[in-house]
Amino acid sequence: MYEQLVQPIIGMGYKECCWSTVRTEVIMNLKMDLHTHTLASGHAYSTLEENIRAAKERGLQYYGISDHAVGMPGAAHTFYFMNMRIIPREIHGMKVLRGVEANIVNYQGQIDMVPESLRFIDYVIASAHIPCLKPGTVDEHMSAYIGAMENPKVNIIGHPDDTRYPVDYEQLALAAKKNNVMLEVNNTSLNPNGFRVNARENIINMLKMCKKHEVDIILGSDAHISPLVGEFGYAMEILTEMDFPEELVINCYPEKFLELIGFTK
Ligand SMILES: [Zn+2]
Ligand SMILES: [Zn+2]
């Protein structure tokens, strides 16, 4: 009774056909992907231009570039981020945001981006990665994430679903709300062939807490190659199963995100 023929849904990449039959109350108009990598990350395979064309094919309105910051082996030099101001605001009709996926480097939540390199960057994703942060206790991970959230430059916590960094999801959701930071549902973490084991269970627990406390979330493809830009299929399956409220999914409300990051250009 909930099903009817609907328009194709941006981000429902797991549906290969143009017309999908889905539950109408979970239709979401996902307009942006802010977690993507280019060749500059050192272990990704597409150019900025290829990613933008892929985002356009997906029907997105906003594409965000978020290469790994300097602490990740093989990542770009600080100058790469300092020069991001030359990236046009619109390329091939796609609105482009300049971001970075910074590494959380200690349990105080410091990130590996100096203020000069953040000057021309619109938004920051802060993530825990094995080469940059040693796994510790739940308290230490909470301190690291909360410390990062308290940094006014940080807007998103990337893939807080990693079993190697266990956390208290209720406290994490409350801290995100308090600091106006979004928790990411990372589509790559949910890939059954991925390396983040138990990500699905962790994401479900996180989303339960975000729903309970009305905390904004953001879907990120974490694409390391252009065909995966804007791919949110695994994430959407979970949101659908949970009847997660669209009002809390920031990808549907780019204006709200732009306001949050103080975007005025
Ligand atoms: Zn990451
Ligand atoms: Zn990433």
# chains A, B, ... in the order shown; residues from 1 in each chain; ligands from 1
>>> residues_near_ligand(ligand="ligand 1", cutoff="12 Å", atoms="only C-alpha atoms and all ligand atoms", output="PDB file with N, CA and C atoms, in the first residue's frame")
ATOM      1  N   HIS A  35      31.627  14.452   0.167  1.00  0.00           N
ATOM      2  CA  HIS A  35      32.760  13.599   0.559  1.00  0.00           C
ATOM      3  C   HIS A  35      33.240  12.813  -0.658  1.00  0.00           C
ATOM      4  N   THR A  36      34.220  13.396  -1.354  1.00  0.00           N
ATOM      5  CA  THR A  36      34.759  12.761  -2.564  1.00  0.00           C
ATOM      6  C   THR A  36      36.262  13.018  -2.634  1.00  0.00           C
ATOM      7  N   HIS A  37      36.946  12.113  -3.279  1.00  0.00           N
ATOM      8  CA  HIS A  37      38.410  12.225  -3.403  1.00  0.00           C
ATOM      9  C   HIS A  37      38.824  12.274  -4.869  1.00  0.00           C
ATOM     10  N   SER A  41      44.499  12.733  -3.549  1.00  0.00           N
ATOM     11  CA  SER A  41      44.505  12.013  -2.271  1.00  0.00           C
ATOM     12  C   SER A  41      45.578  10.938  -2.217  1.00  0.00           C
ATOM     13  N   HIS A  43      45.493   7.839  -3.214  1.00  0.00           N
ATOM     14  CA  HIS A  43      44.992   6.469  -3.426  1.00  0.00           C
ATOM     15  C   HIS A  43      43.580   6.522  -4.030  1.00  0.00           C
ATOM     16  N   ALA A  44      43.336   7.581  -4.829  1.00  0.00           N
ATOM     17  CA  ALA A  44      42.057   7.708  -5.546  1.00  0.00           C
ATOM     18  C   ALA A  44      42.400   7.861  -7.031  1.00  0.00           C
ATOM     19  N   SER A  66      36.865  16.815  -1.324  1.00  0.00           N
ATOM     20  CA  SER A  66      37.377  16.679   0.056  1.00  0.00           C
ATOM     21  C   SER A  66      38.537  15.694   0.077  1.00  0.00           C
ATOM     22  N   ASP A  67      39.652  16.124  -0.489  1.00  0.00           N
ATOM     23  CA  ASP A  67      40.818  15.252  -0.498  1.00  0.00           C
ATOM     24  C   ASP A  67      41.405  15.114   0.909  1.00  0.00           C
ATOM     25  N   HIS A  68      42.147  14.020   1.081  1.00  0.00           N
ATOM     26  CA  HIS A  68      42.774  13.769   2.380  1.00  0.00           C
ATOM     27  C   HIS A  68      43.786  14.858   2.705  1.00  0.00           C
ATOM     28  N   ALA A  69      43.812  15.254   3.966  1.00  0.00           N
ATOM     29  CA  ALA A  69      44.792  16.254   4.415  1.00  0.00           C
ATOM     30  C   ALA A  69      46.172  15.625   4.547  1.00  0.00           C
ATOM     31  N   GLY A  71      48.352  14.592   6.592  1.00  0.00           N
ATOM     32  CA  GLY A  71      48.833  13.495   7.429  1.00  0.00           C
ATOM     33  C   GLY A  71      48.670  12.112   6.815  1.00  0.00           C
ATOM     34  N   MET A  72      47.812  11.983   5.838  1.00  0.00           N
ATOM     35  CA  MET A  72      47.563  10.680   5.215  1.00  0.00           C
ATOM     36  C   MET A  72      48.707  10.358   4.252  1.00  0.00           C
ATOM     37  N   VAL A 100      37.926  19.597   2.649  1.00  0.00           N
ATOM     38  CA  VAL A 100      39.072  18.734   2.952  1.00  0.00           C
ATOM     39  C   VAL A 100      38.590  17.649   3.912  1.00  0.00           C
ATOM     40  N   GLU A 101      39.173  16.473   3.808  1.00  0.00           N
ATOM     41  CA  GLU A 101      38.957  15.465   4.847  1.00  0.00           C
ATOM     42  C   GLU A 101      40.205  15.473   5.710  1.00  0.00           C
ATOM     43  N   ALA A 102      40.095  16.164   6.839  1.00  0.00           N
ATOM     44  CA  ALA A 102      41.237  16.294   7.743  1.00  0.00           C
ATOM     45  C   ALA A 102      41.335  15.054   8.623  1.00  0.00           C
ATOM     46  N   ASN A 103      42.540  14.798   9.097  1.00  0.00           N
ATOM     47  CA  ASN A 103      42.775  13.674  10.004  1.00  0.00           C
ATOM     48  C   ASN A 103      42.749  14.158  11.440  1.00  0.00           C
ATOM     49  N   ILE A 104      42.002  13.449  12.287  1.00  0.00           N
ATOM     50  CA  ILE A 104      42.096  13.696  13.730  1.00  0.00           C
ATOM     51  C   ILE A 104      43.383  13.010  14.180  1.00  0.00           C
ATOM     52  N   VAL A 124      35.057  21.499   6.459  1.00  0.00           N
ATOM     53  CA  VAL A 124      36.025  20.494   6.903  1.00  0.00           C
ATOM     54  C   VAL A 124      35.295  19.246   7.402  1.00  0.00           C
ATOM     55  N   ILE A 125      35.709  18.108   6.858  1.00  0.00           N
ATOM     56  CA  ILE A 125      35.289  16.808   7.399  1.00  0.00           C
ATOM     57  C   ILE A 125      36.450  16.359   8.282  1.00  0.00           C
ATOM     58  N   ALA A 126      36.178  15.971   9.514  1.00  0.00           N
ATOM     59  CA  ALA A 126      37.242  15.450  10.386  1.00  0.00           C
ATOM     60  C   ALA A 126      36.996  13.959  10.588  1.00  0.00           C
ATOM     61  N   SER A 127      38.033  13.163  10.311  1.00  0.00           N
ATOM     62  CA  SER A 127      37.876  11.703  10.381  1.00  0.00           C
ATOM     63  C   SER A 127      39.027  11.066  11.138  1.00  0.00           C
ATOM     64  N   ALA A 128      38.737   9.895  11.695  1.00  0.00           N
ATOM     65  CA  ALA A 128      39.786   9.082  12.320  1.00  0.00           C
ATOM     66  C   ALA A 128      40.256   8.053  11.303  1.00  0.00           C
ATOM     67  N   HIS A 129      41.551   8.044  11.037  1.00  0.00           N
ATOM     68  CA  HIS A 129      42.150   7.086  10.102  1.00  0.00           C
ATOM     69  C   HIS A 129      43.323   6.395  10.790  1.00  0.00           C
ATOM     70  N   ILE A 130      43.461   5.128  10.537  1.00  0.00           N
ATOM     71  CA  ILE A 130      44.487   4.329  11.208  1.00  0.00           C
ATOM     72  C   ILE A 130      45.908   4.901  11.081  1.00  0.00           C
ATOM     73  N   PRO A 131      46.329   5.407   9.923  1.00  0.00           N
ATOM     74  CA  PRO A 131      47.708   5.925   9.867  1.00  0.00           C
ATOM     75  C   PRO A 131      47.927   7.160  10.730  1.00  0.00           C
ATOM     76  N   CYS A 132      46.852   7.802  11.162  1.00  0.00           N
ATOM     77  CA  CYS A 132      46.997   9.090  11.863  1.00  0.00           C
ATOM     78  C   CYS A 132      46.512   9.078  13.314  1.00  0.00           C
ATOM     79  N   LEU A 133      45.697   8.114  13.694  1.00  0.00           N
ATOM     80  CA  LEU A 133      45.181   8.073  15.074  1.00  0.00           C
ATOM     81  C   LEU A 133      45.151   6.624  15.558  1.00  0.00           C
ATOM     82  N   ILE A 156      31.775  18.429   9.772  1.00  0.00           N
ATOM     83  CA  ILE A 156      31.269  17.061   9.590  1.00  0.00           C
ATOM     84  C   ILE A 156      32.246  16.089  10.251  1.00  0.00           C
ATOM     85  N   ILE A 157      31.717  15.086  10.932  1.00  0.00           N
ATOM     86  CA  ILE A 157      32.573  13.983  11.392  1.00  0.00           C
ATOM     87  C   ILE A 157      32.422  12.859  10.367  1.00  0.00           C
ATOM     88  N   GLY A 158      33.535  12.511   9.713  1.00  0.00           N
ATOM     89  CA  GLY A 158      33.498  11.492   8.664  1.00  0.00           C
ATOM     90  C   GLY A 158      33.486  10.082   9.243  1.00  0.00           C
ATOM     91  N   HIS A 159      32.701   9.230   8.652  1.00  0.00           N
ATOM     92  CA  HIS A 159      32.551   7.806   9.004  1.00  0.00           C
ATOM     93  C   HIS A 159      32.793   7.464  10.474  1.00  0.00           C
ATOM     94  N   PRO A 160      31.923   7.993  11.377  1.00  0.00           N
ATOM     95  CA  PRO A 160      32.086   7.594  12.790  1.00  0.00           C
ATOM     96  C   PRO A 160      31.457   6.210  13.026  1.00  0.00           C
ATOM     97  N   ASP A 161      31.775   5.294  12.136  1.00  0.00           N
ATOM     98  CA  ASP A 161      31.157   3.967  12.139  1.00  0.00           C
ATOM     99  C   ASP A 161      32.206   2.873  12.264  1.00  0.00           C
ATOM    100  N   ASP A 162      33.449   3.283  12.479  1.00  0.00           N
ATOM    101  CA  ASP A 162      34.577   2.362  12.402  1.00  0.00           C
ATOM    102  C   ASP A 162      34.714   1.601  13.721  1.00  0.00           C
ATOM    103  N   GLU A 184      28.283  11.814   9.703  1.00  0.00           N
ATOM    104  CA  GLU A 184      28.166  11.301   8.341  1.00  0.00           C
ATOM    105  C   GLU A 184      27.723   9.832   8.313  1.00  0.00           C
ATOM    106  N   VAL A 185      26.817   9.546   7.380  1.00  0.00           N
ATOM    107  CA  VAL A 185      26.526   8.153   7.017  1.00  0.00           C
ATOM    108  C   VAL A 185      27.324   7.902   5.745  1.00  0.00           C
ATOM    109  N   ASN A 186      28.365   7.095   5.885  1.00  0.00           N
ATOM    110  CA  ASN A 186      29.349   6.933   4.816  1.00  0.00           C
ATOM    111  C   ASN A 186      28.987   5.718   3.963  1.00  0.00           C
ATOM    112  N   ASN A 187      28.662   5.987   2.704  1.00  0.00           N
ATOM    113  CA  ASN A 187      28.203   4.896   1.840  1.00  0.00           C
ATOM    114  C   ASN A 187      29.297   3.861   1.596  1.00  0.00           C
ATOM    115  N   THR A 188      30.537   4.302   1.525  1.00  0.00           N
ATOM    116  CA  THR A 188      31.636   3.350   1.295  1.00  0.00           C
ATOM    117  C   THR A 188      31.814   2.409   2.483  1.00  0.00           C
ATOM    118  N   SER A 189      31.605   2.919   3.712  1.00  0.00           N
ATOM    119  CA  SER A 189      31.700   2.050   4.892  1.00  0.00           C
ATOM    120  C   SER A 189      30.718   0.887   4.796  1.00  0.00           C
ATOM    121  N   PHE A 195      36.330  -2.402   4.249  1.00  0.00           N
ATOM    122  CA  PHE A 195      37.179  -2.835   5.358  1.00  0.00           C
ATOM    123  C   PHE A 195      36.665  -2.377   6.711  1.00  0.00           C
ATOM    124  N   ARG A 196      35.588  -1.602   6.733  1.00  0.00           N
ATOM    125  CA  ARG A 196      35.052  -1.151   8.022  1.00  0.00           C
ATOM    126  C   ARG A 196      34.011  -2.159   8.511  1.00  0.00           C
ATOM    127  N   GLY A 220      27.531  10.719   2.731  1.00  0.00           N
ATOM    128  CA  GLY A 220      28.735  10.961   1.944  1.00  0.00           C
ATOM    129  C   GLY A 220      29.066   9.712   1.152  1.00  0.00           C
ATOM    130  N   SER A 221      29.389   9.905  -0.120  1.00  0.00           N
ATOM    131  CA  SER A 221      29.739   8.722  -0.919  1.00  0.00           C
ATOM    132  C   SER A 221      31.135   8.227  -0.553  1.00  0.00           C
ATOM    133  N   ASP A 222      32.031   9.173  -0.173  1.00  0.00           N
ATOM    134  CA  ASP A 222      33.451   8.853   0.042  1.00  0.00           C
ATOM    135  C   ASP A 222      34.028   8.198  -1.222  1.00  0.00           C
ATOM    136  N   ALA A 223      33.581   8.712  -2.380  1.00  0.00           N
ATOM    137  CA  ALA A 223      34.021   8.144  -3.662  1.00  0.00           C
ATOM    138  C   ALA A 223      35.512   8.360  -3.856  1.00  0.00           C
ATOM    139  N   HIS A 224      36.212   7.304  -4.231  1.00  0.00           N
ATOM    140  CA  HIS A 224      37.632   7.399  -4.592  1.00  0.00           C
ATOM    141  C   HIS A 224      37.815   7.173  -6.090  1.00  0.00           C
TER     142      HIS A 224
END
>>> select_by_dssp(residues="stretch 112-193 of chain A", states="helix (DSSP H, G or I)", output="PyMOL selection string")
chain A and resi 115-118+138-149+169-178
>>> write_last_selection(atoms="N, CA and C atoms", output="JSON list (two decimals), in the first residue's frame")
[["chain", "number", "residue", "atom", "x", "y", "z"],
["A", 115, "PRO", "N", 45.95, 26.85, 10.15],
["A", 115, "PRO", "CA", 44.98, 27.90, 9.78],
["A", 115, "PRO", "C", 45.19, 28.46, 8.37],
["A", 116, "GLU", "N", 46.45, 28.64, 7.94],
["A", 116, "GLU", "CA", 46.68, 29.21, 6.58],
["A", 116, "GLU", "C", 46.10, 28.31, 5.49],
["A", 117, "SER", "N", 46.16, 27.00, 5.71],
["A", 117, "SER", "CA", 45.68, 26.10, 4.67],
["A", 117, "SER", "C", 44.16, 25.97, 4.69],
["A", 118, "LEU", "N", 43.53, 26.48, 5.74],
["A", 118, "LEU", "CA", 42.06, 26.42, 5.82],
["A", 118, "LEU", "C", 41.41, 27.69, 5.29],
["A", 138, "VAL", "N", 36.99, 3.82, 24.45],
["A", 138, "VAL", "CA", 35.80, 4.59, 24.07],
["A", 138, "VAL", "C", 35.94, 6.04, 24.55],
["A", 139, "ASP", "N", 36.41, 6.21, 25.78],
["A", 139, "ASP", "CA", 36.57, 7.58, 26.32],
["A", 139, "ASP", "C", 37.55, 8.39, 25.47],
["A", 140, "GLU", "N", 38.62, 7.75, 25.05],
["A", 140, "GLU", "CA", 39.62, 8.47, 24.24],
["A", 140, "GLU", "C", 39.05, 8.84, 22.86],
["A", 141, "HIS", "N", 38.28, 7.94, 22.28],
["A", 141, "HIS", "CA", 37.68, 8.27, 20.97],
["A", 141, "HIS", "C", 36.64, 9.38, 21.11],
["A", 142, "MET", "N", 35.87, 9.31, 22.21],
["A", 142, "MET", "CA", 34.87, 10.37, 22.43],
["A", 142, "MET", "C", 35.56, 11.72, 22.61],
["A", 143, "SER", "N", 36.64, 11.70, 23.35],
["A", 143, "SER", "CA", 37.38, 12.94, 23.57],
["A", 143, "SER", "C", 37.93, 13.47, 22.23],
["A", 144, "ALA", "N", 38.41, 12.55, 21.39],
["A", 144, "ALA", "CA", 38.95, 12.95, 20.08],
["A", 144, "ALA", "C", 37.84, 13.57, 19.22],
["A", 145, "TYR", "N", 36.70, 12.90, 19.14],
["A", 145, "TYR", "CA", 35.61, 13.40, 18.29],
["A", 145, "TYR", "C", 35.04, 14.72, 18.83],
["A", 146, "ILE", "N", 34.84, 14.76, 20.15],
["A", 146, "ILE", "CA", 34.25, 15.98, 20.73],
["A", 146, "ILE", "C", 35.24, 17.15, 20.58],
["A", 147, "GLY", "N", 36.52, 16.86, 20.79],
["A", 147, "GLY", "CA", 37.54, 17.90, 20.60],
["A", 147, "GLY", "C", 37.50, 18.44, 19.18],
["A", 148, "ALA", "N", 37.37, 17.54, 18.21],
["A", 148, "ALA", "CA", 37.29, 17.97, 16.81],
["A", 148, "ALA", "C", 36.02, 18.79, 16.57],
["A", 149, "MET", "N", 34.91, 18.34, 17.15],
["A", 149, "MET", "CA", 33.65, 19.07, 16.95],
["A", 149, "MET", "C", 33.70, 20.48, 17.53],
["A", 169, "TYR", "N", 27.29, 6.25, 21.01],
["A", 169, "TYR", "CA", 26.58, 6.98, 19.96],
["A", 169, "TYR", "C", 25.60, 8.02, 20.50],
["A", 170, "GLU", "N", 25.05, 7.78, 21.68],
["A", 170, "GLU", "CA", 24.12, 8.78, 22.21],
["A", 170, "GLU", "C", 24.91, 10.07, 22.56],
["A", 171, "GLN", "N", 26.03, 9.90, 23.22],
["A", 171, "GLN", "CA", 26.84, 11.07, 23.57],
["A", 171, "GLN", "C", 27.39, 11.76, 22.32],
["A", 172, "LEU", "N", 27.73, 10.95, 21.32],
["A", 172, "LEU", "CA", 28.26, 11.52, 20.08],
["A", 172, "LEU", "C", 27.20, 12.37, 19.38],
["A", 173, "ALA", "N", 25.97, 11.84, 19.34],
["A", 173, "ALA", "CA", 24.87, 12.57, 18.70],
["A", 173, "ALA", "C", 24.59, 13.88, 19.45],
["A", 174, "LEU", "N", 24.59, 13.81, 20.77],
["A", 174, "LEU", "CA", 24.31, 15.02, 21.57],
["A", 174, "LEU", "C", 25.42, 16.07, 21.38],
["A", 175, "ALA", "N", 26.65, 15.60, 21.31],
["A", 175, "ALA", "CA", 27.78, 16.53, 21.11],
["A", 175, "ALA", "C", 27.70, 17.16, 19.72],
["A", 176, "ALA", "N", 27.30, 16.37, 18.73],
["A", 176, "ALA", "CA", 27.17, 16.90, 17.37],
["A", 176, "ALA", "C", 26.11, 18.00, 17.34],
["A", 177, "LYS", "N", 25.00, 17.75, 18.00],
["A", 177, "LYS", "CA", 23.92, 18.74, 18.03],
["A", 177, "LYS", "C", 24.38, 20.03, 18.72],
["A", 178, "LYS", "N", 25.04, 19.85, 19.84],
["A", 178, "LYS", "CA", 25.51, 21.01, 20.61],
["A", 178, "LYS", "C", 26.48, 21.88, 19.79]]
>>> residues_around(residues="stretch 87-92 of chain A", least_positions_apart="5", cutoff="8 Å", atoms="only C-alpha atoms", output="list in words")
Ile52, Arg53, Leu97 and Arg98 of chain A
>>> atom_distance(atom1="atom CA of A:Asn51", atom2="atom CA of A:Ser226")
4.7 Å
>>> closest_residue(among="A:Asp33, A:Asp112, A:Glu49, A:Glu150", to="ligand 2", atoms="only C-alpha atoms and all ligand atoms")
A:Asp33
>>> atom_distance(atom1="atom CA of A:Leu34", atom2="atom CA of A:Asn155")
11.1 Å
>>> closest_residue(among="A:Ile86, A:Met28, A:Val229, A:Leu248", to="ligand 2", atoms="only C-alpha atoms and all ligand atoms")
A:Val229
>>> select_by_dssp(residues="stretch 18-255 of chain A", states="strand (DSSP E)", output="VMD selection string")
chain A and resid 20 to 23 32 to 33 62 to 68 90 to 91 94 to 103 123 to 127 156 to 157 182 to 186 217 to 220
>>> closest_residue(among="A:Gly262, A:Pro152, A:Gly42, A:Pro135", to="ligand 2", atoms="only C-alpha atoms and all ligand atoms")
A:Gly42
